[in-house]
>>> print(open('structure-v8.cif').read())   # mmCIF, C-alpha atoms
data_data
loop_
_atom_site.label_atom_id
_atom_site.label_comp_id
_atom_site.auth_asym_id
_atom_site.auth_seq_id
_atom_site.Cartn_x
_atom_site.Cartn_y
_atom_site.Cartn_z
CA SER T 1 14.33 8.34 -3.24
CA ALA T 2 11.51 6.14 -1.95
CA TYR T 3 9.98 9.10 -0.13
CA LEU T 4 10.07 11.34 -3.19
CA ALA T 5 8.73 8.55 -5.40
CA SER T 6 5.70 8.26 -3.13
CA GLU T 7 5.13 12.03 -3.14
CA LEU T 8 5.37 12.78 -6.87
CA PRO T 9 2.09 11.11 -7.95
CA LYS T 10 0.22 13.43 -5.58
CA LEU T 11 1.37 16.32 -7.78
CA GLY T 12 0.48 14.66 -11.07
CA ILE T 13 4.16 14.14 -11.91
CA GLU T 14 5.18 10.86 -13.51
CA LEU T 15 8.38 9.31 -12.22
CA ARG T 16 10.26 7.60 -15.03
CA TRP T 17 13.85 7.23 -13.84
CA GLY T 18 15.76 7.05 -10.58
CA SER T 19 19.53 6.93 -10.12
CA LYS T 20 21.94 6.61 -7.21
CA VAL T 21 25.46 7.76 -7.89
CA SER T 22 28.78 8.05 -6.08
CA ASP T 23 30.39 11.37 -5.10
CA THR T 24 32.64 11.16 -8.15
CA PRO T 25 32.58 14.24 -10.43
CA ALA T 26 32.63 12.24 -13.68
CA HIS T 27 29.83 9.92 -12.53
CA MET T 28 27.69 12.78 -11.22
CA THR T 29 28.17 14.75 -14.43
CA GLU T 30 27.18 11.75 -16.53
CA VAL T 31 23.99 11.12 -14.54
CA LEU T 32 22.94 14.78 -14.39
CA HIS T 33 23.66 15.38 -18.08
CA ARG T 34 21.42 12.43 -18.97
CA ALA T 35 18.69 13.67 -16.64
CA TRP T 36 18.83 17.22 -17.99
CA ASN T 37 18.42 16.03 -21.59
CA ARG T 38 15.47 13.71 -21.00
CA SER T 39 13.35 15.10 -18.17
CA ASP T 40 11.26 18.18 -17.46
CA VAL T 41 12.10 18.05 -13.76
CA THR T 42 15.17 16.54 -12.10
CA LEU T 43 15.22 16.06 -8.33
CA MET T 44 18.54 15.69 -6.54
CA THR T 45 19.21 14.93 -2.88
CA GLY T 46 22.47 15.07 -0.97
CA GLY T 47 25.82 16.62 -1.74
CA LEU T 48 24.95 20.10 -0.45
CA GLY T 49 27.27 19.96 2.55
CA PRO T 50 30.53 21.88 3.00
CA THR T 51 33.05 19.07 2.49
CA SER T 52 35.17 18.27 -0.56
CA ASP T 53 32.95 15.36 -1.59
CA ASP T 54 29.77 17.49 -1.56
CA LEU T 55 29.70 18.27 -5.25
CA THR T 56 26.07 18.74 -6.24
CA ARG T 57 26.36 22.50 -6.75
CA GLU T 58 29.58 22.18 -8.71
CA THR T 59 28.07 19.49 -10.94
CA ILE T 60 24.99 21.56 -11.76
CA ALA T 61 27.14 24.61 -12.48
CA GLY T 62 29.37 22.55 -14.77
CA ILE T 63 26.47 21.06 -16.74
CA LEU T 64 24.98 24.50 -17.36
CA GLY T 65 28.31 26.25 -17.91
CA GLU T 66 27.60 28.81 -15.18
CA LYS T 67 29.81 30.16 -12.42
CA MET T 68 29.05 29.79 -8.72
CA GLN T 69 29.11 33.08 -6.82
CA VAL T 70 28.88 33.78 -3.09
CA GLN T 71 25.68 35.62 -2.14
CA ASP T 72 26.23 38.14 0.66
CA ASP T 73 22.76 37.68 2.15
CA LEU T 74 23.15 33.88 2.23
CA LEU T 75 26.61 34.19 3.77
CA GLN T 76 25.40 36.49 6.53
CA HIS T 77 22.50 34.15 7.25
CA LEU T 78 24.88 31.19 7.43
CA LYS T 79 27.23 33.01 9.80
CA ALA T 80 24.26 33.88 12.01
CA GLN T 81 23.29 30.23 12.15
CA PHE T 82 26.72 29.21 13.36
CA ALA T 83 26.74 32.07 15.86
CA SER T 84 23.48 30.75 17.29
CA TYR T 85 25.23 27.39 17.77
CA GLY T 86 28.01 29.16 19.66
CA ILE T 87 30.76 28.07 17.25
CA PRO T 88 32.71 29.89 14.49
CA MET T 89 31.85 29.09 10.90
CA PRO T 90 34.57 27.07 9.07
CA GLU T 91 35.76 28.58 5.80
CA ASN T 92 34.65 25.56 3.77
CA ASN T 93 31.01 26.29 4.65
CA ILE T 94 31.16 29.39 2.45
CA LYS T 95 30.22 27.33 -0.61
CA GLN T 96 26.84 26.72 1.02
CA ALA T 97 26.16 30.42 0.39
CA THR T 98 26.66 30.25 -3.38
CA LEU T 99 24.28 30.38 -6.35
CA ILE T 100 24.57 30.32 -10.13
CA PRO T 101 22.59 32.80 -12.31
CA SER T 102 19.92 30.20 -13.14
CA ALA T 103 19.42 29.20 -9.50
CA SER T 104 17.36 30.61 -6.67
CA VAL T 105 17.64 29.57 -3.07
CA ILE T 106 15.27 27.11 -1.37
CA PRO T 107 15.17 27.99 2.34
CA ASN T 108 16.31 25.40 4.88
CA PRO T 109 15.64 26.80 8.37
CA ILE T 110 16.61 23.56 10.12
CA GLY T 111 20.00 23.04 8.46
CA THR T 112 22.99 24.90 7.05
CA ALA T 113 22.48 23.73 3.45
CA PRO T 114 19.90 25.71 1.46
CA GLY T 115 18.51 24.01 -1.61
CA TRP T 116 18.80 25.16 -5.21
CA TRP T 117 15.89 25.71 -7.58
CA VAL T 118 17.49 25.82 -11.04
CA GLU T 119 15.41 26.77 -14.06
CA ARG T 120 16.59 27.23 -17.65
CA ASP T 121 15.41 26.28 -21.13
CA SER T 122 12.01 25.10 -19.78
CA ARG T 123 13.73 22.53 -17.55
CA ILE T 124 14.06 22.41 -13.78
CA ILE T 125 16.68 20.98 -11.43
CA ILE T 126 15.78 20.91 -7.75
CA ALA T 127 18.65 20.14 -5.37
CA MET T 128 17.70 19.29 -1.78
CA PRO T 129 19.68 18.19 1.28
CA GLY T 130 20.08 14.50 2.01
CA PRO T 131 19.22 14.25 5.75
CA PRO T 132 15.59 13.03 5.83
CA ARG T 133 14.44 15.60 8.39
CA GLU T 134 15.69 18.49 6.26
CA LEU T 135 14.54 16.92 3.00
CA HIS T 136 11.00 16.22 4.22
CA ARG T 137 10.51 19.74 5.53
CA MET T 138 11.92 21.38 2.40
CA TRP T 139 9.78 19.20 0.15
CA THR T 140 6.55 19.76 2.09
CA ASN T 141 6.92 23.47 2.71
CA GLU T 142 8.90 24.75 -0.26
CA VAL T 143 9.22 22.41 -3.22
CA ALA T 144 5.90 20.55 -3.50
CA PRO T 145 3.78 23.74 -3.42
CA ARG T 146 5.84 25.31 -6.21
CA LEU T 147 5.65 22.19 -8.35
CA LYS T 148 1.90 21.92 -7.79
CA GLN T 149 1.50 25.37 -9.33
CA ARG T 150 2.83 23.90 -12.59
CA ASN T 151 -0.27 21.65 -12.85
CA PRO T 152 -3.04 24.06 -11.75
CA ASN T 153 -5.84 22.25 -13.60
CA ILE T 154 -5.13 18.81 -12.13
CA ALA T 155 -6.50 17.81 -8.75
CA ILE T 156 -4.85 14.71 -7.31
CA ALA T 157 -6.27 12.77 -4.37
CA THR T 158 -4.65 9.72 -2.85
CA ARG T 159 -5.71 7.23 -0.23
CA THR T 160 -3.88 4.29 1.31
CA TRP T 161 -5.56 1.30 2.92
CA LYS T 162 -3.39 -0.71 5.31
CA THR T 163 -3.95 -4.43 5.74
CA PHE T 164 -2.45 -7.18 7.87
CA GLY T 165 -2.71 -10.94 7.68
CA ILE T 166 -2.99 -11.17 3.88
CA SER T 167 0.01 -11.70 1.62
CA GLU T 168 0.88 -9.24 -1.13
CA GLY T 169 0.04 -11.81 -3.80
CA GLY T 170 -3.16 -12.79 -2.05
CA LEU T 171 -4.40 -9.20 -1.80
CA ASN T 172 -3.46 -8.55 -5.43
CA GLU T 173 -5.46 -11.61 -6.50
CA MET T 174 -8.50 -10.60 -4.43
CA LEU T 175 -8.56 -7.10 -5.90
CA ALA T 176 -7.37 -7.91 -9.43
CA PRO T 177 -10.23 -6.15 -11.30
CA LEU T 178 -9.46 -2.87 -9.53
CA PHE T 179 -5.88 -2.89 -10.82
CA GLU T 180 -7.19 -2.77 -14.40
CA THR T 181 -8.68 0.72 -13.95
CA GLU T 182 -6.68 3.77 -14.99
CA ASN T 183 -8.47 6.23 -12.72
CA PRO T 184 -8.12 5.70 -9.84
CA LYS T 185 -4.76 4.06 -10.44
CA MET T 186 -3.94 1.35 -7.92
CA GLY T 187 -0.63 0.26 -6.39
CA ILE T 188 0.28 -2.37 -3.82
CA TYR T 189 3.26 -2.26 -1.45
CA SER T 190 4.74 -4.46 1.25
CA ARG T 191 5.54 -2.65 4.50
CA ALA T 192 6.57 -3.60 8.03
CA ASP T 193 3.00 -3.13 9.25
CA GLY T 194 1.42 -5.20 6.48
CA ILE T 195 0.42 -4.78 2.87
CA HIS T 196 -0.60 -1.29 1.78
CA LEU T 197 -2.98 -0.60 -1.08
CA ARG T 198 -2.82 2.89 -2.56
CA ALA T 199 -5.19 4.56 -5.01
CA LEU T 200 -4.53 7.80 -6.89
CA ALA T 201 -7.41 9.65 -8.50
CA SER T 202 -6.95 12.54 -10.92
CA THR T 203 -9.68 14.94 -12.05
CA SER T 204 -10.09 18.68 -12.49
CA THR T 205 -11.33 19.24 -8.92
CA GLU T 206 -10.50 17.72 -5.53
CA PRO T 207 -14.14 16.83 -4.70
CA GLU T 208 -14.37 14.81 -7.92
CA SER T 209 -11.12 13.02 -7.15
CA ARG T 210 -12.23 12.20 -3.61
CA LYS T 211 -15.55 10.91 -4.97
CA LEU T 212 -13.67 8.43 -7.15
CA LEU T 213 -11.71 7.26 -4.10
CA ASP T 214 -14.87 6.88 -2.03
CA ALA T 215 -16.35 4.62 -4.69
CA VAL T 216 -13.30 2.37 -4.89
CA GLU T 217 -13.02 2.26 -1.09
CA THR T 218 -16.47 0.69 -0.89
CA GLN T 219 -15.33 -2.11 -3.21
CA ILE T 220 -12.05 -2.61 -1.34
CA ARG T 221 -13.73 -2.88 2.05
CA ASP T 222 -16.33 -5.30 0.68
CA ILE T 223 -13.52 -7.58 -0.48
CA ALA T 224 -10.74 -7.15 2.12
CA GLY T 225 -13.03 -6.64 5.13
CA ASP T 226 -11.44 -6.91 8.56
CA ALA T 227 -7.96 -7.22 7.06
CA ILE T 228 -7.99 -3.42 6.72
CA TRP T 229 -6.82 -1.90 9.99
CA GLY T 230 -6.16 1.71 9.00
CA ILE T 231 -5.84 4.31 6.25
CA ASP T 232 -3.32 6.99 5.24
CA ASP T 233 -1.32 8.21 8.27
CA HIS T 234 -2.74 5.69 10.72
CA THR T 235 -0.20 3.58 12.62
CA PRO T 236 -0.99 0.69 14.96
CA ASN T 237 0.46 2.77 17.78
CA SER T 238 -1.61 5.88 17.03
CA LEU T 239 -4.86 3.94 16.78
CA LEU T 240 -4.15 2.02 19.97
CA ALA T 241 -3.27 5.21 21.85
CA GLU T 242 -6.59 6.71 20.78
CA LYS T 243 -8.50 3.57 21.77
CA LEU T 244 -6.89 3.29 25.20
CA THR T 245 -7.50 6.97 25.89
CA THR T 246 -11.15 6.77 24.83
CA ARG T 247 -11.76 3.63 26.90
CA GLU T 248 -9.77 5.01 29.86
CA LEU T 249 -7.55 1.93 29.90
CA SER T 250 -3.89 1.57 30.84
CA LEU T 251 -1.36 -0.83 29.35
CA ALA T 252 1.75 -2.70 30.52
CA THR T 253 3.99 -5.11 28.64
CA MET T 254 6.34 -8.01 29.24
CA GLU T 255 8.43 -9.16 26.30
CA CYS T 256 11.10 -11.69 25.48
CA HIS T 257 13.11 -11.94 22.21
CA THR T 258 12.08 -8.41 21.09
CA ALA T 259 14.68 -6.46 23.13
CA GLY T 260 12.06 -4.00 24.39
CA LEU T 261 10.85 -2.94 20.94
CA LEU T 262 7.20 -3.13 21.99
CA ALA T 263 7.72 -0.91 25.04
CA SER T 264 9.84 1.51 23.01
CA THR T 265 7.17 1.76 20.31
CA LEU T 266 4.45 2.48 22.84
CA ALA T 267 6.56 5.05 24.69
CA ASP T 268 7.14 7.00 21.45
CA LYS T 269 3.61 8.40 21.55
CA PRO T 270 3.42 11.84 23.24
CA THR T 271 0.31 10.71 25.13
CA SER T 272 1.92 7.50 26.42
CA PRO T 273 2.44 8.79 30.01
CA ASN T 274 -1.35 8.89 30.29
CA TRP T 275 -1.89 5.19 29.55
CA PHE T 276 1.43 3.28 29.30
CA MET T 277 2.45 1.99 32.71
CA GLY T 278 5.79 0.54 31.60
CA GLY T 279 7.34 -2.66 30.32
CA ILE T 280 9.37 -5.60 31.57
CA VAL T 281 12.06 -6.74 29.11
CA ILE T 282 13.48 -10.27 29.35
CA PRO T 283 16.60 -10.84 27.19
CA THR T 284 16.34 -14.66 26.92
CA GLY T 285 13.85 -17.39 27.60
CA GLN T 286 16.00 -18.87 30.36
CA GLN T 287 15.66 -15.68 32.40
CA LEU T 288 11.90 -16.12 32.56
CA GLN T 289 12.55 -18.68 35.29
CA LYS T 290 12.97 -15.97 37.93
CA TYR T 291 9.29 -15.10 37.55
CA ASP T 292 6.72 -17.18 39.38
CA PHE T 293 5.09 -18.91 36.44
CA GLY T 294 4.96 -22.26 38.21
CA ALA T 295 4.94 -25.30 35.96
CA ILE T 296 4.69 -23.10 32.86
CA THR T 297 8.42 -22.29 32.93
CA THR T 298 10.79 -24.99 31.71
CA PRO T 299 14.56 -25.15 32.42
CA GLN T 300 15.20 -24.12 28.83
CA GLY T 301 12.69 -21.28 28.97
CA ILE T 302 10.67 -22.81 26.13
CA ALA T 303 7.87 -20.49 25.03
CA THR T 304 4.27 -21.63 25.03
CA ALA T 305 0.88 -19.98 24.71
CA SER T 306 0.42 -20.45 28.45
CA MET T 307 3.67 -18.60 29.10
CA ALA T 308 2.59 -15.65 26.94
CA GLU T 309 -0.66 -15.47 28.89
CA ALA T 310 1.23 -15.62 32.19
CA MET T 311 3.55 -12.83 31.01
CA ALA T 312 0.57 -10.65 30.08
CA ARG T 313 -1.00 -11.27 33.47
CA THR T 314 2.28 -10.55 35.30
CA ALA T 315 2.78 -7.28 33.40
CA ARG T 316 -0.75 -6.13 34.16
CA GLN T 317 -0.59 -7.02 37.85
CA GLN T 318 2.96 -5.93 38.67
CA LEU T 319 2.75 -2.62 36.83
CA GLY T 320 -0.79 -1.80 37.87
CA ALA T 321 -2.43 -1.66 34.44
CA SER T 322 -5.85 -2.68 33.20
CA VAL T 323 -4.38 -4.36 30.11
CA GLY T 324 -1.27 -6.52 29.78
CA ILE T 325 0.57 -7.84 26.72
CA GLY T 326 3.08 -10.69 26.85
CA ILE T 327 5.34 -11.58 23.93
CA THR T 328 7.66 -14.55 23.68
CA ALA T 329 8.91 -16.95 21.03
CA ILE T 330 10.32 -20.43 20.59
CA ALA T 331 13.64 -21.23 18.96
CA SER T 332 14.02 -24.03 16.43
CA ASP T 333 17.43 -25.64 16.00
CA GLU T 334 16.63 -26.24 12.33
CA GLN T 335 16.43 -22.60 11.29
CA GLY T 336 20.06 -21.48 10.98
CA ASP T 337 21.46 -18.23 12.32
CA ASP T 338 18.08 -16.71 13.26
CA PRO T 339 16.23 -19.67 14.75
CA VAL T 340 13.28 -17.88 16.34
CA GLN T 341 10.15 -18.47 14.31
CA VAL T 342 7.14 -19.49 16.44
CA CYS T 343 5.75 -16.53 18.37
CA PHE T 344 3.19 -16.27 21.13
CA ILE T 345 1.35 -13.11 22.12
CA GLY T 346 -0.74 -13.08 25.27
CA TYR T 347 -3.36 -10.51 26.25
CA ASP T 348 -4.88 -9.88 29.66
CA ILE T 349 -7.73 -7.36 29.59
CA ASN T 350 -8.95 -6.81 33.14
CA GLY T 351 -8.36 -10.48 33.95
CA LYS T 352 -9.77 -11.90 30.70
CA VAL T 353 -6.86 -13.72 29.06
CA THR T 354 -6.38 -14.82 25.46
CA THR T 355 -3.42 -15.65 23.23
CA ALA T 356 -2.32 -15.81 19.60
CA GLU T 357 0.25 -18.12 18.00
CA LEU T 358 2.08 -16.89 14.90
CA ARG T 359 4.83 -18.06 12.56
CA TYR T 360 7.13 -15.68 10.76
CA PRO T 361 10.21 -15.81 8.53
CA ASN T 362 13.15 -16.29 10.85
CA ARG T 363 15.03 -13.05 10.12
CA LEU T 364 15.43 -11.60 13.57
CA MET T 365 14.87 -7.88 12.94
CA MET T 366 11.86 -8.55 10.73
CA LEU T 367 10.57 -10.97 13.35
CA LYS T 368 10.74 -8.31 16.07
CA GLU T 369 8.88 -5.76 13.96
CA ARG T 370 6.21 -8.26 12.93
CA MET T 371 5.66 -9.41 16.51
CA VAL T 372 5.24 -5.84 17.73
CA VAL T 373 2.86 -4.91 14.91
CA GLN T 374 0.83 -8.06 15.50
CA ALA T 375 0.69 -7.41 19.24
CA LEU T 376 -0.65 -3.87 18.71
CA LEU T 377 -3.13 -4.82 15.99
CA GLY T 378 -4.28 -7.85 17.97
CA LEU T 379 -5.07 -5.70 20.98
CA LEU T 380 -6.90 -3.18 18.79
CA LYS T 381 -9.11 -5.97 17.49
CA LEU T 382 -9.80 -7.33 20.97
CA LEU T 383 -10.77 -3.89 22.26
CA GLY T 384 -13.22 -3.51 19.40
#
>>> encode(input="structure-v8.cif", output="structure tokens")
Amino acid sequence: SAYLASELPKLGIELRWGSKVSDTPAHMTEVLHRAWNRSDVTLMTGGLGPTSDDLTRETIAGILGEKMQVQDDLLQHLKAQFASYGIPMPENNIKQATLIPSASVIPNPIGTAPGWWVERDSRIIIAMPGPPRELHRMWTNEVAPRLKQRNPNIAIATRTWKTFGISEGGLNEMLAPLFETENPKMGIYSRADGIHLRALASTSTEPESRKLLDAVETQIRDIAGDAIWGIDDHTPNSLLAEKLTTRELSLATMECHTAGLLASTLADKPTSPNWFMGGIVIPTGQQLQKYDFGAITTPQGIATASMAEAMARTARQQLGASVGIGITAIASDEQGDDPVQVCFIGYDINGKVTTAELRYPNRLMMLKERMVVQALLGLLKLLG
């Protein structure tokens, strides 16, 4: 639902209601009946599987008073899919090859559940599969282009600026006058990699819409400055991969309290074998003692800025990289179940060492993500 909500404005479609409902026929009928009566377009996800609790098709058919019928071409296609998997098709999958008179099929080449495009009485129901991979492909390749044709005289352009180090409220206060404009329309969102600011411009042509965005971008950058680290599809990992490749640098990591999340994030890039030399993962602070940090290491493995620097240097030297990152954190006995809150990130760039000290809310998973994002963005800034 969050994905679709972010996509609809790009098509000039206003989202007014969103519902999540159980796989109970009465509840589904109630929600869909309400949607059909009040909306031009209703989007549905999930419930297109073969099992007894996959009831999206049945609910749509019931609302419209139409009968589901097996389509021979869909059935043969479905059987061919199962044959390609090397397994026989179960009988209950047959309902995935059905349509009602008001429905046409939406192709799903990466799954067994085709979507339904239902159109009657100037209203549309679009039923899509629930698995994100299938949903995203169907939306991008099949559904969004057809919906865009319904608004041929509207050109929508969007742009997202990604910031880090400024709170949501702080950024909103800094840019308050921009939120009063109707075109472009501004929105602000909290994400794992910082606070995102999105603008949506609507005119009759795409060049005009982009021109509006260019004008507002100048104002945003004048106000937010260095807090902006990327736009649109940029990720800290993608920008860092590009920077390391351009500068012909290699990177190694040593991390404690993040369970290898930094190394895993870096290794996800297809180009990582070219510049990522590997990572050393230390489960607890006490286990840092086996490394030769000298007086820096305490019996309790207490984290310090000096330790983060030593970890960065060790990663760089032991793994043969030109750049090293060290991450560690200190536990506070006063912080309840997730006591880690003071974080240290060390950087060693060809022997030049620096460190950053940060404090985060002490929810462990959020802490890990924030530390990794900060480590990547911090290195990007240092590399210039």
>>> resolve_selection(input="structure-v8.cif", expression="the PyMOL selection byres ((chain T and resi 328) around 9)", output="list in words")
Met254, Glu255, Cys256, His257, Thr258, Gly285, Ala303, Thr304, Ala305, Met307, Ala308, Met311, Gly326, Ile327, Ala329, Ile330, Val342, Cys343, Phe344, Ile345 and Gly346 of chain T
>>> atom_distance(input="structure-v8.cif", atom1="CA of Arg120 (chain T)", atom2="CA of Thr45 (chain T)")
19.4 Å
>>> resolve_selection(input="structure-v8.cif", expression="the PyMOL selection byres ((chain T and resi 195) around 9)", output="PyMOL selection string")
chain T and resi 161-168+171+188-194+196-197
>>> resolve_selection(input="structure-v8.cif", expression="the PyMOL selection byres ((chain T and resi 217-231) around 9)", output="VMD selection string")
chain T and resid 159 to 166 171 174 to 175 178 196 212 to 216 232 to 236 239 377 380 to 381
>>> residues_around(input="structure-v8.cif", residues="region 133-144 of chain T", least_positions_apart="5", cutoff="8 Å", atoms="all atoms listed in the file", output="PyMOL selection string")
chain T and resi 11+45+106-108+110-111+128
>>> write_last_selection(input="structure-v8.cif", atoms="C-alpha atoms", output="PDB file, in the coordinates of the input")
ATOM      1  CA  LEU T  11       1.370  16.320  -7.780  1.00  0.00           C
ATOM      2  CA  THR T  45      19.210  14.930  -2.880  1.00  0.00           C
ATOM      3  CA  ILE T 106      15.270  27.110  -1.370  1.00  0.00           C
ATOM      4  CA  PRO T 107      15.170  27.990   2.340  1.00  0.00           C
ATOM      5  CA  ASN T 108      16.310  25.400   4.880  1.00  0.00           C
ATOM      6  CA  ILE T 110      16.610  23.560  10.120  1.00  0.00           C
ATOM      7  CA  GLY T 111      20.000  23.040   8.460  1.00  0.00           C
ATOM      8  CA  MET T 128      17.700  19.290  -1.780  1.00  0.00           C
TER       9      MET T 128
END
>>> atom_distance(input="structure-v8.cif", atom1="CA of Val31 (chain T)", atom2="CA of Thr59 (chain T)")
10.0 Å
>>> residues_around(input="structure-v8.cif", residues="Met28 (chain T)", least_positions_apart="4", cutoff="9 Å", atoms="all atoms listed in the file", output="number ranges by chain")
T: 21-24, 32-33, 55-56, 59
>>> closest_residue(input="structure-v8.cif", among="T:Gly378, T:Gly18, T:Pro114, T:Gly49", to="Arg34 (chain T)", atoms="only C-alpha atoms")
T:Gly18
>>> atom_distance(input="structure-v8.cif", atom1="CA of Asn93 (chain T)", atom2="CA of Ala35 (chain T)")
27.6 Å
>>> residues_around(input="structure-v8.cif", residues="Asp348 (chain T)", least_positions_apart="3", cutoff="12 Å", atoms="all atoms listed in the file", output="ChimeraX atom specification")
/T:250-254,306,308-317,321-327,345,351-356,378-379,382-383
>>> write_last_selection(input="structure-v8.cif", atoms="C-alpha atoms", output="PDB file, in the frame of the given file")
ATOM      1  CA  SER T 250      -3.890   1.570  30.840  1.00  0.00           C
ATOM      2  CA  LEU T 251      -1.360  -0.830  29.350  1.00  0.00           C
ATOM      3  CA  ALA T 252       1.750  -2.700  30.520  1.00  0.00           C
ATOM      4  CA  THR T 253       3.990  -5.110  28.640  1.00  0.00           C
ATOM      5  CA  MET T 254       6.340  -8.010  29.240  1.00  0.00           C
ATOM      6  CA  SER T 306       0.420 -20.450  28.450  1.00  0.00           C
ATOM      7  CA  ALA T 308       2.590 -15.650  26.940  1.00  0.00           C
ATOM      8  CA  GLU T 309      -0.660 -15.470  28.890  1.00  0.00           C
ATOM      9  CA  ALA T 310       1.230 -15.620  32.190  1.00  0.00           C
ATOM     10  CA  MET T 311       3.550 -12.830  31.010  1.00  0.00           C
ATOM     11  CA  ALA T 312       0.570 -10.650  30.080  1.00  0.00           C
ATOM     12  CA  ARG T 313      -1.000 -11.270  33.470  1.00  0.00           C
ATOM     13  CA  THR T 314       2.280 -10.550  35.300  1.00  0.00           C
ATOM     14  CA  ALA T 315       2.780  -7.280  33.400  1.00  0.00           C
ATOM     15  CA  ARG T 316      -0.750  -6.130  34.160  1.00  0.00           C
ATOM     16  CA  GLN T 317      -0.590  -7.020  37.850  1.00  0.00           C
ATOM     17  CA  ALA T 321      -2.430  -1.660  34.440  1.00  0.00           C
ATOM     18  CA  SER T 322      -5.850  -2.680  33.200  1.00  0.00           C
ATOM     19  CA  VAL T 323      -4.380  -4.360  30.110  1.00  0.00           C
ATOM     20  CA  GLY T 324      -1.270  -6.520  29.780  1.00  0.00           C
ATOM     21  CA  ILE T 325       0.570  -7.840  26.720  1.00  0.00           C
ATOM     22  CA  GLY T 326       3.080 -10.690  26.850  1.00  0.00           C
ATOM     23  CA  ILE T 327       5.340 -11.580  23.930  1.00  0.00           C
ATOM     24  CA  ILE T 345       1.350 -13.110  22.120  1.00  0.00           C
ATOM     25  CA  GLY T 351      -8.360 -10.480  33.950  1.00  0.00           C
ATOM     26  CA  LYS T 352      -9.770 -11.900  30.700  1.00  0.00           C
ATOM     27  CA  VAL T 353      -6.860 -13.720  29.060  1.00  0.00           C
ATOM     28  CA  THR T 354      -6.380 -14.820  25.460  1.00  0.00           C
ATOM     29  CA  THR T 355      -3.420 -15.650  23.230  1.00  0.00           C
ATOM     30  CA  ALA T 356      -2.320 -15.810  19.600  1.00  0.00           C
ATOM     31  CA  GLY T 378      -4.280  -7.850  17.970  1.00  0.00           C
ATOM     32  CA  LEU T 379      -5.070  -5.700  20.980  1.00  0.00           C
ATOM     33  CA  LEU T 382      -9.800  -7.330  20.970  1.00  0.00           C
ATOM     34  CA  LEU T 383     -10.770  -3.890  22.260  1.00  0.00           C
TER      35      LEU T 383
END
>>> closest_residue(input="structure-v8.cif", among="T:Pro129, T:Lys20, T:Ala61, T:Asp121", to="Ala103 (chain T)", atoms="all atoms listed in the file")
T:Ala61
>>> residues_around(input="structure-v8.cif", residues="Trp17 (chain T)", least_positions_apart="5", cutoff="10 Å", atoms="all atoms listed in the file", output="MDAnalysis selection string")
chainID T and resid 5 35 38:39 42
>>> closest_residue(input="structure-v8.cif", among="T:Ile94, T:Gly170, T:Ile124, T:Ala201", to="Glu182 (chain T)", atoms="all atoms listed in the file")
T:Ala201
>>> closest_residue(input="structure-v8.cif", among="T:Ser102, T:Ser122, T:Thr265, T:Asn183", to="Thr203 (chain T)", atoms="only C-alpha atoms")
T:Asn183
>>> residues_around(input="structure-v8.cif", residues="Leu261 (chain T)", least_positions_apart="2", cutoff="12 Å", atoms="all atoms listed in the file", output="JSON, numbers by chain")
{"T": [253, 254, 255, 256, 257, 258, 259, 263, 264, 265, 266, 267, 268, 279, 280, 281, 282, 283, 327, 365, 366, 367, 368, 369, 370, 371, 372, 373, 375, 376]}
>>> axis_aligned_box(input="structure-v8.cif", around="region 348-362 of chain T", padding_each_side="8 Å", output="AutoDock Vina command-line options")
--center_x 1.7 --center_y -12.5 --center_z 21.2 --size_x 38.9 --size_y 27.3 --size_z 41.4
>>> decode(input="structure-v8.cif", residues="region 207-213 of chain T", atoms="N, CA, C and O atoms", output="PDB file, in the first residue's frame")
ATOM      1  N   PRO T 207       8.305  19.134 -19.951  1.00  0.00           N
ATOM      2  CA  PRO T 207       9.312  20.185 -19.774  1.00  0.00           C
ATOM      3  C   PRO T 207       8.864  21.287 -18.819  1.00  0.00           C
ATOM      4  O   PRO T 207       9.666  21.787 -18.025  1.00  0.00           O
ATOM      5  N   GLU T 208       7.585  21.661 -18.885  1.00  0.00           N
ATOM      6  CA  GLU T 208       7.078  22.690 -17.974  1.00  0.00           C
ATOM      7  C   GLU T 208       7.098  22.194 -16.532  1.00  0.00           C
ATOM      8  O   GLU T 208       7.456  22.938 -15.612  1.00  0.00           O
ATOM      9  N   SER T 209       6.719  20.937 -16.342  1.00  0.00           N
ATOM     10  CA  SER T 209       6.726  20.374 -14.985  1.00  0.00           C
ATOM     11  C   SER T 209       8.138  20.314 -14.426  1.00  0.00           C
ATOM     12  O   SER T 209       8.378  20.646 -13.263  1.00  0.00           O
ATOM     13  N   ARG T 210       9.090  19.864 -15.252  1.00  0.00           N
ATOM     14  CA  ARG T 210      10.481  19.794 -14.797  1.00  0.00           C
ATOM     15  C   ARG T 210      11.040  21.184 -14.497  1.00  0.00           C
ATOM     16  O   ARG T 210      11.853  21.361 -13.592  1.00  0.00           O
ATOM     17  N   LYS T 211      10.595  22.185 -15.259  1.00  0.00           N
ATOM     18  CA  LYS T 211      11.049  23.555 -15.016  1.00  0.00           C
ATOM     19  C   LYS T 211      10.598  24.045 -13.643  1.00  0.00           C
ATOM     20  O   LYS T 211      11.349  24.720 -12.929  1.00  0.00           O
ATOM     21  N   LEU T 212       9.390  23.685 -13.261  1.00  0.00           N
ATOM     22  CA  LEU T 212       8.910  24.043 -11.921  1.00  0.00           C
ATOM     23  C   LEU T 212       9.768  23.382 -10.841  1.00  0.00           C
ATOM     24  O   LEU T 212      10.097  23.994  -9.824  1.00  0.00           O
ATOM     25  N   LEU T 213      10.131  22.119 -11.067  1.00  0.00           N
ATOM     26  CA  LEU T 213      10.957  21.402 -10.098  1.00  0.00           C
ATOM     27  C   LEU T 213      12.368  21.996 -10.018  1.00  0.00           C
ATOM     28  O   LEU T 213      12.946  22.085  -8.935  1.00  0.00           O
TER      29      LEU T 213
END
